[in-house]
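Working notes, structure below.
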There are 2 protein chains.
Amino acid sequence: MSLLVVGTTALDSIKTPYAENPRLLGGSASHAAVAASFFAPTHLVGAVGEDFPRKYINLYRRHGLCLEGLDQLPGQTFHWSGEYEVNMNNRRTLDTVLGVIENYSPTLPAAYTRLPYLLLANIAPDLQGHVLSQMKRPKFVVADTMDLWLNIARPAVLKLLKRIDCLVLNDSEAAQLVEEDNIVAALPRIHKLGPKYVIVKKGEHGAILSGPKGLFVAPAYPLKKVVDPTGAGDSFVGGLMGYLASQKGSLDKNLRAAIIHGTVTASYCCEDFGLKKTTKVKKTDISKRVRELTKMVSW
Amino acid sequence: MSLLVVGTTALDSIKTPYAENPRLLGGSASHAAVAASFFAPTHLVGAVGEDFPRKYINLYRRHGLCLEGLDQLPGQTFHWSGEYEVNMNNRRTLDTVLGVIENYSPTLPAAYTRLPYLLLANIAPDLQGHVLSQMKRPKFVVADTMDLWLNIARPAVLKLLKRIDCLVLNDSEAAQLVEEDNIVAALPRIHKLGPKYVIVKKGEHGAILSGPKGLFVAPAYPLKKVVDPTGAGDSFVGGLMGYLASQKGSLDKNLRAAIIHGTVTASYCCEDFGLKKTTKVKKTDISKRVRELTKMVSW
């Protein structure tokens with residue numbers, strides 16, 4: 001089945017202790033939609049400015065994304081500049097230019113409103129809610145968020161949580177959301193805010209799913225070298241939703257396998273800057289790492 | 001089969017933001033031997049002072065430990081005082097009194113020298129080597145260590161690594177040992193120092209085994225509340241070695257299951273101060289959590 005991804009379509013300028021990469025293709029929707037495209041027909045909703053390079057449009061096309069919902073608007077593309085420290089765990093934002101997404105409020109193409117799977121990738125929660133409101137009975141709705149929205153738009157996040165099936169966020173955001181440092185203790189409190197399923201991302205330490213069938217503890221694919229983790233969380237949730245949209249049968253069972261496919265897709269994202277590695281990967285590469293990871297956890 | 005555990009037998013005074021517990025039974029050998037005792041006949045080698053409470057000797061006995069190798073020496077028992085911060089991840093040592101272990105150099109009872117499984121729990125690496133030298137062809141030798149020894153006795157640690165089958169250490173110690181922050185990249189470099197098997201403990205994030213059959217990524221048992229993590233690493237390796245000593249068949253296969261049994265045994269250690277919870281646990285409790293954890297990782 002098909003998937004709709006809404007989020008940011010951005011240019012990222014990323015500095016690490018070893019290299020500098022200006023104006024890479026970035027944004028939550030770019031990473032998530034490309035990751036999802038390995039598994040299911042994927043439709044992209046987002047806005048870019050007049051400066052958005054044609055080569056990135058071509059990249060989306062090569063991944064088979066439907067771009068009917070991608071608006072090119074007068075002004076600049078959303079641009080994020082950031083810098084990583086040596087250990088790649090800490091990053092700081094150097095500059096943010098909102099550009100065309102500042103007043104962006106998409107109207108979905110009619111065909112999009114009937115898509116069964118909806119991924120509200122990381123973007124302002126009001127905008128996520130606005131997209132959700134246009135959908136006709138989606139089968140499964142996942143939202144990602146970030147600390148920024150918990151800081152400046154908490155009421156909008158809380159409102160959104162009552163309307164989605166599954167929330168994805170990282171460990172420190174989960175702790176922040178319900179003011180509880182222990183993630184295992186935080187999970188039931190997040191469920192009380194609305195979502196039936198909660199997935200906590202722990203970076204190199206994997207992810208935890210909490211749902212009606214209890215906890216699922218998933219490892220990350222072990223990497224010898226992390227070049228640039230930007231977008232890994234978006235790739236994770238994109239791969240997860242793409243896989244889910246491609247499967248029949250029990251949601252609870254498929255969600256576990258989807259997390260494994262998401263974590264493997266995200267592993268490629270970390271191995272080079274932006275989408276450089278992900279766009280070179282084949283679906284058979286992903287299947288190979290999924291088999292490796294399956295071996296690594298069996299006893 | 002039987003297991004020999006050597007390490008510290010100590011008194012721990014532990015402060016957390018919520019409570020203070022003076023003179024608890026502690027030490028690497030106490031935690032490891034009690035954890036191992038759930039699975040296999042366990043023999044303890046260590047030294048206590050004249051102030052060592054009889055009730056702790058009785059506790060060892062209740063767990064069926066063979067105490068022929070426990071020396072009571074003139075002087076004070078090794079005493080560690082430490083304080084944990086709110087999140088339970090950071091701790092600082094307030095005071096250390098070495099007491100009787102300062103010049104301790106055990107001579108093993110003759111029967112101990114033929115035991116098949118040897119756990120060199122955390123204690124000075126020279127002392128670990130001294131015990132190992134007295135053993136006649138042990139089947140499997142595991143050593144635990146800590147940052148202190150990497151700082152003040154690195155040559156002795158390196159000498160020991162050439163003589164053991166398996167090294168157990170935590171993630172920051174692994175990084176320190178080979179000066180490589182990425183654990184996956186650090187592992188092959190640790191193998192080059194000697195041990196065929198390396199197990200990296202990651203606390204709440206589980207553990208990674210590296211050996212001839214590749215990597216095994218194990219989760220920790222998810223806990224809603226951590227009361228006191230002191231001794232969790234010792235319980236982990238103790239449970240692991242006890243389980244291993246109790247099993248027949250392929251070492252590579254058993255080692256994976258042993259890590260799961262170790263991580264579950266360690267989960268109980270964290271749920272109260274010192275050995276308070278561990279000593280209340282039954283083997284059926286451990287089996288129940290192992291089954292729960294098995295469910296939590298299957299997809």
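Please note that chains go A, B, ... in the order of the structure tokens, that every chain numbers its residues from 1, and that ligands are numbered from 1 in the order shown.
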Residues of chain B within 9 Å of chain A, counting only C-alpha atoms - could you list those as an mmCIF file with C-alpha atoms, in the first residue's frame?
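iface27.cif, freshly written:
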data_model
loop_
_atom_site.group_PDB
_atom_site.id
_atom_site.type_symbol
_atom_site.label_atom_id
_atom_site.label_comp_id
_atom_site.auth_asym_id
_atom_site.auth_seq_id
_atom_site.Cartn_x
_atom_site.Cartn_y
_atom_site.Cartn_z
ATOM 1 C CA ASN B 87 20.139 9.998 37.118
ATOM 2 C CA ASP B 181 35.511 5.850 21.034
ATOM 3 C CA ASN B 182 33.528 3.689 18.606
ATOM 4 C CA ILE B 183 32.957 0.375 20.404
ATOM 5 C CA VAL B 184 32.437 -1.606 17.183
ATOM 6 C CA ALA B 185 35.807 -0.365 15.923
ATOM 7 C CA ALA B 186 37.430 -0.916 19.336
ATOM 8 C CA LYS B 202 26.610 -0.869 28.244
ATOM 9 C CA HIS B 205 21.671 -0.423 26.905
ATOM 10 C CA GLY B 206 22.720 -4.062 27.253
ATOM 11 C CA GLY B 214 30.818 -12.512 15.107
ATOM 12 C CA LEU B 215 28.852 -10.059 17.220
ATOM 13 C CA PHE B 216 26.005 -10.783 19.598
ATOM 14 C CA VAL B 217 23.982 -7.733 20.611
ATOM 15 C CA ALA B 218 22.062 -8.267 23.851
ATOM 16 C CA PRO B 219 19.512 -5.926 25.417
ATOM 17 C CA ALA B 220 19.328 -5.169 29.121
ATOM 18 C CA PRO B 222 14.129 -2.900 30.991
ATOM 19 C CA LEU B 223 13.672 -1.608 34.538
ATOM 20 C CA LYS B 224 11.169 1.055 35.615
ATOM 21 C CA LYS B 225 13.300 1.999 38.575
ATOM 22 C CA VAL B 226 16.999 1.702 39.333
ATOM 23 C CA LYS B 253 26.039 -20.923 21.648
ATOM 24 C CA ASN B 254 26.051 -21.113 25.440
ATOM 25 C CA LEU B 255 27.881 -17.809 25.771
ATOM 26 C CA ARG B 256 24.987 -15.964 24.125
ATOM 27 C CA ALA B 257 22.422 -17.515 26.469
ATOM 28 C CA ILE B 260 21.069 -13.111 28.699
ATOM 29 C CA LEU B 293 13.267 -10.699 27.605
ATOM 30 C CA LYS B 295 9.728 -12.197 23.921
ATOM 31 C CA MET B 296 10.873 -8.572 23.942
ATOM 32 C CA VAL B 297 13.518 -9.156 21.283
ATOM 33 C CA SER B 298 11.718 -11.531 18.918
ATOM 34 C CA TRP B 299 10.135 -10.405 15.687
#
For this session: Run DSSP on the backbone and give me the residues of segment 241-284 of chain B it puts in alpha helix (DSSP H), as a count of residues only.
Result: 27
Problem set entry | DSSP strand (DSSP E) selection over segment 27-228 of chain B, as a ChimeraX atom specification | /B:42-48,66-72,79-84,91-97,117-120,140-144,166-170,197-201,207-211,214-218
Exercise. Excluding same-chain residues fewer than 3 positions from Thr42 of chain A, what lies within 12 Å of it counting only C-alpha atoms, as a ChimeraX atom specification?
Worked result: /A:1-6,29-30,32-39,45,60-61,63-69,112,115-119,238-239,241-243,245-246
Selected residues written out with N, CA and C atoms, as a tab-separated table (two decimals), in the first residue's frame:
chain	number	residue	atom	x	y	z
A	1	MET	N	0.84	-1.20	0.00
A	1	MET	CA	0.00	0.00	0.00
A	1	MET	C	0.88	1.25	0.00
A	2	SER	N	0.25	2.39	-0.20
A	2	SER	CA	1.01	3.63	-0.38
A	2	SER	C	1.13	4.45	0.90
A	3	LEU	N	2.09	5.33	0.86
A	3	LEU	CA	2.47	6.10	2.04
A	3	LEU	C	2.56	7.58	1.69
A	4	LEU	N	2.08	8.42	2.58
A	4	LEU	CA	2.26	9.87	2.45
A	4	LEU	C	3.25	10.34	3.51
A	5	VAL	N	4.24	11.09	3.08
A	5	VAL	CA	5.23	11.66	4.02
A	5	VAL	C	5.16	13.17	3.94
A	6	VAL	N	4.91	13.82	5.08
A	6	VAL	CA	5.02	15.28	5.13
A	6	VAL	C	6.12	15.65	6.12
A	29	ALA	N	11.51	15.18	5.72
A	29	ALA	CA	10.73	14.50	4.69
A	29	ALA	C	11.64	13.91	3.61
A	30	SER	N	12.74	14.59	3.30
A	30	SER	CA	13.67	14.05	2.30
A	30	SER	C	14.24	12.72	2.78
A	32	ALA	N	13.13	10.75	5.23
A	32	ALA	CA	12.10	9.73	5.50
A	32	ALA	C	11.53	9.17	4.20
A	33	ALA	N	11.27	10.04	3.22
A	33	ALA	CA	10.64	9.57	1.97
A	33	ALA	C	11.59	8.70	1.15
A	34	VAL	N	12.86	9.10	1.09
A	34	VAL	CA	13.83	8.28	0.36
A	34	VAL	C	13.96	6.91	1.04
A	35	ALA	N	14.02	6.90	2.38
A	35	ALA	CA	14.10	5.63	3.12
A	35	ALA	C	12.86	4.77	2.86
A	36	ALA	N	11.70	5.39	2.88
A	36	ALA	CA	10.44	4.64	2.66
A	36	ALA	C	10.36	4.08	1.26
A	37	SER	N	10.97	4.80	0.31
A	37	SER	CA	10.83	4.43	-1.11
A	37	SER	C	11.43	3.06	-1.43
A	38	PHE	N	12.28	2.53	-0.55
A	38	PHE	CA	12.82	1.19	-0.78
A	38	PHE	C	11.73	0.12	-0.66
A	39	PHE	N	10.64	0.47	0.03
A	39	PHE	CA	9.65	-0.55	0.40
A	39	PHE	C	8.26	-0.32	-0.20
A	45	VAL	N	5.05	15.45	0.63
A	45	VAL	CA	4.44	16.77	0.79
A	45	VAL	C	5.44	17.68	1.48
A	60	TYR	N	14.94	12.88	-5.96
A	60	TYR	CA	13.61	12.41	-5.50
A	60	TYR	C	12.98	11.52	-6.58
A	61	ARG	N	13.08	11.96	-7.83
A	61	ARG	CA	12.43	11.22	-8.94
A	61	ARG	C	13.06	9.85	-9.12
A	63	HIS	N	14.18	8.04	-6.95
A	63	HIS	CA	13.67	7.15	-5.90
A	63	HIS	C	12.17	6.90	-6.04
A	64	GLY	N	11.62	7.35	-7.17
A	64	GLY	CA	10.22	7.02	-7.47
A	64	GLY	C	9.21	7.77	-6.62
A	65	LEU	N	9.64	8.86	-5.98
A	65	LEU	CA	8.70	9.61	-5.14
A	65	LEU	C	7.67	10.34	-6.00
A	66	CYS	N	6.44	10.33	-5.57
A	66	CYS	CA	5.42	11.15	-6.20
A	66	CYS	C	5.57	12.58	-5.66
A	67	LEU	N	5.78	13.55	-6.56
A	67	LEU	CA	6.09	14.92	-6.14
A	67	LEU	C	4.94	15.89	-6.37
A	68	GLU	N	3.76	15.37	-6.59
A	68	GLU	CA	2.61	16.25	-6.83
A	68	GLU	C	2.38	17.17	-5.62
A	69	GLY	N	2.75	16.71	-4.44
A	69	GLY	CA	2.55	17.52	-3.23
A	69	GLY	C	3.75	18.35	-2.84
A	112	TYR	N	-4.09	12.32	-2.51
A	112	TYR	CA	-3.28	12.06	-1.31
A	112	TYR	C	-4.15	11.84	-0.07
A	115	LEU	N	-4.74	8.20	1.04
A	115	LEU	CA	-3.63	7.25	1.22
A	115	LEU	C	-3.75	6.59	2.60
A	116	PRO	N	-3.42	5.29	2.69
A	116	PRO	CA	-3.67	4.57	3.95
A	116	PRO	C	-2.62	4.82	5.05
A	117	TYR	N	-1.39	5.10	4.67
A	117	TYR	CA	-0.34	5.29	5.68
A	117	TYR	C	0.14	6.74	5.65
A	118	LEU	N	0.20	7.35	6.82
A	118	LEU	CA	0.60	8.76	6.92
A	118	LEU	C	1.77	8.90	7.89
A	119	LEU	N	2.86	9.45	7.39
A	119	LEU	CA	3.99	9.76	8.26
A	119	LEU	C	4.12	11.27	8.39
A	238	GLY	N	11.15	6.62	8.36
A	238	GLY	CA	10.76	6.45	6.96
A	238	GLY	C	10.83	5.00	6.54
A	239	GLY	N	11.95	4.34	6.84
A	239	GLY	CA	12.10	2.92	6.51
A	239	GLY	C	11.03	2.09	7.22
A	241	MET	N	7.99	3.06	8.22
A	241	MET	CA	6.65	3.24	7.64
A	241	MET	C	6.56	2.65	6.24
A	242	GLY	N	7.65	2.76	5.47
A	242	GLY	CA	7.65	2.15	4.14
A	242	GLY	C	7.47	0.64	4.25
A	243	TYR	N	8.22	0.03	5.17
A	243	TYR	CA	8.11	-1.42	5.35
A	243	TYR	C	6.70	-1.81	5.78
A	245	ALA	N	3.91	-0.24	5.30
A	245	ALA	CA	2.95	-0.08	4.19
A	245	ALA	C	3.05	-1.23	3.20
A	246	SER	N	4.20	-1.89	3.17
A	246	SER	CA	4.42	-2.97	2.19
A	246	SER	C	3.92	-4.33	2.67
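Reported to one decimal place, the separation of atom CA of Cys269 of chain A from atom CA of Gly231 of chain A is 7.0 Å.
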For this session: Please provide as number ranges by chain all residues within 10 Å of segment 272-284 of chain A, with the sequence filter that same-chain residues fewer than 4 positions apart are discarded (counting only C-alpha atoms).
Result: A: 11-16, 19-21, 23-27, 30-31, 34-35, 37-39, 59-60, 62-63, 225-232, 235, 265-268, 288-290
Could you save the residues just selected, with C-alpha atoms, as an mmCIF file, in the first residue's frame?
data_model
loop_
_atom_site.group_PDB
_atom_site.id
_atom_site.type_symbol
_atom_site.label_atom_id
_atom_site.label_comp_id
_atom_site.auth_asym_id
_atom_site.auth_seq_id
_atom_site.Cartn_x
_atom_site.Cartn_y
_atom_site.Cartn_z
ATOM 1 C CA LEU A 11 19.287 22.235 2.502
ATOM 2 C CA ASP A 12 21.734 21.200 5.228
ATOM 3 C CA SER A 13 25.213 22.595 5.699
ATOM 4 C CA ILE A 14 27.038 20.167 7.961
ATOM 5 C CA LYS A 15 30.397 20.548 9.632
ATOM 6 C CA THR A 16 32.189 17.727 11.427
ATOM 7 C CA ALA A 19 34.841 17.707 6.779
ATOM 8 C CA GLU A 20 32.464 20.450 5.724
ATOM 9 C CA ASN A 21 29.545 19.859 3.384
ATOM 10 C CA ARG A 23 23.924 22.727 0.933
ATOM 11 C CA LEU A 24 23.337 18.981 1.043
ATOM 12 C CA LEU A 25 19.847 17.646 0.433
ATOM 13 C CA GLY A 26 18.302 17.362 3.895
ATOM 14 C CA GLY A 27 15.128 17.747 5.902
ATOM 15 C CA SER A 30 13.671 14.054 2.302
ATOM 16 C CA HIS A 31 15.340 11.480 4.547
ATOM 17 C CA VAL A 34 13.831 8.278 0.357
ATOM 18 C CA ALA A 35 14.103 5.626 3.120
ATOM 19 C CA SER A 37 10.831 4.432 -1.105
ATOM 20 C CA PHE A 38 12.817 1.185 -0.782
ATOM 21 C CA PHE A 39 9.648 -0.548 0.405
ATOM 22 C CA LEU A 59 17.176 12.550 -6.883
ATOM 23 C CA TYR A 60 13.609 12.405 -5.502
ATOM 24 C CA ARG A 62 15.080 8.515 -9.160
ATOM 25 C CA HIS A 63 13.666 7.148 -5.900
ATOM 26 C CA LYS A 225 32.275 4.457 11.651
ATOM 27 C CA VAL A 226 29.632 7.165 11.844
ATOM 28 C CA VAL A 227 30.341 9.909 9.307
ATOM 29 C CA ASP A 228 27.201 12.036 9.728
ATOM 30 C CA PRO A 229 24.155 11.036 11.807
ATOM 31 C CA THR A 230 21.986 13.893 10.466
ATOM 32 C CA GLY A 231 18.684 12.455 9.262
ATOM 33 C CA ALA A 232 19.230 9.010 10.814
ATOM 34 C CA SER A 235 15.501 7.529 7.820
ATOM 35 C CA THR A 265 17.939 1.846 6.603
ATOM 36 C CA ALA A 266 19.119 4.438 9.126
ATOM 37 C CA SER A 267 22.491 2.698 9.438
ATOM 38 C CA TYR A 268 23.261 3.575 5.814
ATOM 39 C CA LYS A 288 21.471 -8.427 3.822
ATOM 40 C CA ARG A 289 21.948 -6.206 6.888
ATOM 41 C CA VAL A 290 18.552 -7.261 8.239
#
Seminar exercise, completed: note - atom CA of Lys139 of chain A and atom CA of Ile286 of chain A are separated by 25.7 Å
Might you pull out every residue within 9 Å of Leu98 of chain B, with only C-alpha atoms counted and same-chain residues fewer than 2 positions away left off, and present them as a short mmCIF file (atom, residue, chain, number, x, y, z; two decimals) with C-alpha atoms, in the first residue's frame?
data_model
loop_
_atom_site.label_atom_id
_atom_site.label_comp_id
_atom_site.auth_asym_id
_atom_site.auth_seq_id
_atom_site.Cartn_x
_atom_site.Cartn_y
_atom_site.Cartn_z
CA GLN B 76 39.83 -3.88 58.36
CA THR B 77 37.64 -5.15 55.53
CA PHE B 78 38.00 -3.30 52.20
CA HIS B 79 35.49 -0.42 52.45
CA TRP B 80 34.19 1.68 49.56
CA THR B 96 38.29 3.98 49.86
CA VAL B 100 43.25 -6.33 54.35
CA ILE B 101 43.31 -6.49 50.55
CA GLU B 102 46.26 -4.06 50.38
#
